[in-house]
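Colleague: Below you will find the structure I want to go over with you.
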Amino acid sequence: TEVSRDYVIAGDVAPANLPGLGEAGDPVPPGRNADGSFDITVLDAVEIANEAVGNDRVIPGQPVPGRGPRPGAVVLSGLLDSSRTLYRDTVYELQGNVIVGPGATLTVQPGTLIEGDGATRGTLIVARAGNVDMRGTRIEPIVLTCKGTVKTAGCWGGLVLNGLAILNHRDPGTTGFCPEKFSPGSTELYGGCLVEDTTGVLQYVRIEHAGMSYGSGPTAGLSLLGNGSGTVLDHVQVHGSLGDGLYLSGGNVNLRQILLTGNLGAGLHWDHG
């Protein structure tokens, strides 16, 4: 289909619930039933079939909010030591380790596309006491993938969240009062004493084709390292990673609506408490 147009919208288009198309702030998006549930039924099939044969319907075939052209492109590299917002109308390229530093918050708008550079193993890393605020929507998920038109498992690094929550094992050379470990792929530390620590929010986020090898082998698409119970993960998909889909090391983070598909390592790998 066209870049800005989805002729099915995941098959869930009835009831129409006009006037919205599911954009951010739409109180009753298409497909939502009176009880708040979302089901694909024969009524959805009728709507799509009518659109397919030229009988114009109000939801199928309409431009999807947030999927217009992206005229801008920005390279991200090194340390982000102050708070920053990434916008949906721009493609962001990660070159090497892009680190959200302590005290900084990286806010990402719904529908934003972030691409890791394969030549430099582009990776997004949130340091301890750093924060990420990625709140996509059902219609406008935030997508992290690799640069280029051909996507293969391990074509970029992935997303790493380092937290200050408790581990049951420390690495040699660490000296913290509570156990600490070195974050894979960087010199960052994770672990600490803060059970309720927060590294931020991931909602309606899709991470694709990550896990490029570092050191001893492939890494995970999404690494949650010592994240506390204040960290929010809800409706997150990790797809096609060269290593594990989701790797957790210690911490107290809660997981909700996590979808792990087509990953070449373990789907879910949990160590250190």
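Identifiers in the structure tokens: chain A, B, ... in order shown; residue index from 1 per chain; ligand index from 1 in order shown.
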Determine, counting only C-alpha atoms, which protein, DNA and RNA residues have an atom within 7 Å of an atom of A:Ile125; residues of the same chain fewer than 3 positions away are not included. Present the result as a list in words.
Modeller: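 Contacts, with the query itself left out: Asn97, Val98, Ile99, Val100, Leu159, Val160 and Leu161 of chain A.
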Colleague: Mind checking which residues fall within 8 Å of A:Thr261, counting only C-alpha atoms, ignoring those fewer than 3 positions away in the same chain, and posting them as an MDAnalysis selection string?
Modeller: chainID A and resid 237:240 245 267
Colleague: Give me the residues near A:Ile114 as an MDAnalysis selection string, where near means some atom within 8 Å (using only C-alpha atoms) and where sequence neighbours in that chain fewer than 4 positions away do not count.
Modeller: chainID A and resid 91:94 143:146
Colleague: I want to know what sits within 7 Å of A:Arg84, based on only C-alpha atoms, with residues of the same chain fewer than 5 positions away left out; could you give that as a VMD selection string?
Modeller: chain A and resid 105 to 107
Colleague: Just list the residues in stretch 175-266 of chain A DSSP gives strand (DSSP E) on the backbone, as number ranges by chain.
Modeller: A: 181-182, 189-190, 200-208, 222-225, 232-239, 246-249, 254-261
Colleague: Need the shell around A:Ser37: protein/DNA/RNA residues with any atom at most 12 Å away, counting only C-alpha atoms. Skip same-chain ones fewer than 6 positions apart. Format as a ChimeraX atom specification?
Modeller: /A:12,14-15,28-31
Colleague: So what do you get for atom CA of A:Asp171 versus atom CA of A:Leu255, distance-wise?
Modeller: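 Going from atom CA of A:Asp171 over to atom CA of A:Leu255 covers 25.6 Å.
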Colleague: From the DSSP assignment of the backbone, select every residue of stretch 30-148 of chain A that is helix (DSSP H, G or I), and format the answer as number ranges by chain.
Modeller: A: 42-52
Colleague: Quick one: residues within 9 Å of stretch 149-152 of chain A, only C-alpha atoms counted, chain neighbours fewer than 6 positions away excluded, as a ChimeraX atom specification?
Modeller: /A:208-210,240-242
Colleague: Okay, now the selection with N, CA and C atoms, as a PDB file, in the first residue's frame?
Modeller:
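That gives us result-v3.pdb:
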```pdb
ATOM      1  N   GLU A 208      12.725  -4.052  15.788  1.00  0.00           N
ATOM      2  CA  GLU A 208      12.876  -5.034  14.717  1.00  0.00           C
ATOM      3  C   GLU A 208      14.342  -5.292  14.375  1.00  0.00           C
ATOM      4  N   HIS A 209      14.676  -6.581  14.139  1.00  0.00           N
ATOM      5  CA  HIS A 209      15.916  -6.999  13.478  1.00  0.00           C
ATOM      6  C   HIS A 209      17.188  -6.520  14.183  1.00  0.00           C
ATOM      7  N   ALA A 210      17.142  -6.415  15.499  1.00  0.00           N
ATOM      8  CA  ALA A 210      18.301  -5.963  16.263  1.00  0.00           C
ATOM      9  C   ALA A 210      19.171  -7.158  16.652  1.00  0.00           C
ATOM     10  N   GLY A 240      12.412 -10.512  15.197  1.00  0.00           N
ATOM     11  CA  GLY A 240      13.507 -10.797  14.273  1.00  0.00           C
ATOM     12  C   GLY A 240      14.888 -10.484  14.795  1.00  0.00           C
ATOM     13  N   SER A 241      15.106 -10.573  16.111  1.00  0.00           N
ATOM     14  CA  SER A 241      16.435 -10.313  16.658  1.00  0.00           C
ATOM     15  C   SER A 241      17.377 -11.466  16.349  1.00  0.00           C
ATOM     16  N   LEU A 242      18.666 -11.136  16.152  1.00  0.00           N
ATOM     17  CA  LEU A 242      19.673 -12.172  15.938  1.00  0.00           C
ATOM     18  C   LEU A 242      19.931 -12.953  17.221  1.00  0.00           C
TER      19      LEU A 242
END
```
Colleague: With only C-alpha atoms as the atoms that count, which of A:Leu189, A:Val232, A:Val108, A:Ala220 lies nearest to A:Gly154?
Modeller: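 Counting only C-alpha atoms, the residue closest to A:Gly154 is A:Ala220.
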Colleague: What separation in Å, quoted to one decimal, exists between atom CA of A:Val46 and atom CA of A:Leu21?
Modeller: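 Computing the Euclidean distance for atom CA of A:Val46 and atom CA of A:Leu21 yields 18.1 Å.
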Colleague: Quick check, in Å to one decimal: how far apart do atom CA of A:Thr198 and atom CA of A:Met134 lie?
Modeller: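 Distance between the two atoms: 13.4 Å.
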Colleague: Using only C-alpha atoms, which residue out of A:Ala45, A:Leu164, A:Val53, A:Ala16 lies closest to A:Cys193?
Modeller: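 That would be A:Leu164, the residue with the smallest distance to A:Cys193.
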Colleague: When distances are computed from only C-alpha atoms, which of A:Gly122, A:Gly221, A:Gly136, A:Gly173 shows the smallest separation from A:Gln109?
Modeller: A:Gly136
Colleague: With only C-alpha atoms as the counted atoms, please give the residues lying no more than 8 Å from stretch 211-216 of chain A, apart from itself and same-chain residues fewer than 6 positions off, as JSON, numbers by chain.
Modeller: {"A": [121, 153, 154, 155, 156, 157, 158, 184, 185, 241, 242, 243, 244]}
Colleague: Considering only C-alpha atoms, tabulate each residue of stretch 170-244 of chain A that lies at most 8 Å from stretch 248-251 of chain A along with its nearest interatomic pair and the corresponding distance in Å to one decimal; arrange the rows by chain and ascending residue number and present them as a Markdown table.
Modeller:
```
| residue | atom | partner | partner_atom | distance |
| --- | --- | --- | --- | --- |
| A:Gly191 | CA | A:Gly251 | CA | 7.5 |
| A:Val195 | CA | A:Gly251 | CA | 7.1 |
| A:Ser223 | CA | A:Leu248 | CA | 6.0 |
| A:Leu224 | CA | A:Leu248 | CA | 4.8 |
| A:Leu225 | CA | A:Ser249 | CA | 4.8 |
| A:Gly226 | CA | A:Gly251 | CA | 4.1 |
| A:Asn227 | CA | A:Gly251 | CA | 4.8 |
| A:Gly228 | CA | A:Gly251 | CA | 5.4 |
| A:Ser229 | CA | A:Gly251 | CA | 7.7 |
```
Colleague: Just C-alpha atoms for this one: save the residues we selected as a compact mmCIF listing (two decimals), in the first residue's frame.
Modeller:
```
# COMPACT_ATOMS: atom_id res chain seq x y z
CA GLY A 191 22.26 -2.39 39.21
CA VAL A 195 13.65 -1.33 43.96
CA SER A 223 17.79 -5.49 27.17
CA LEU A 224 16.23 -4.56 30.52
CA LEU A 225 19.15 -4.43 32.93
CA GLY A 226 18.45 -3.76 36.61
CA ASN A 227 15.23 -1.87 35.88
CA GLY A 228 12.97 -1.05 38.83
CA SER A 229 9.23 -1.38 39.28
```
Colleague: Go through A:Gly163, A:Gly217, A:Pro60, A:Gly176 one by one, measure the shortest atom-to-atom distance of each to A:Val253 using only C-alpha atoms, and give the residue with the smallest value.
Modeller: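 Ranked by minimum distance to A:Val253, first place goes to A:Gly163.
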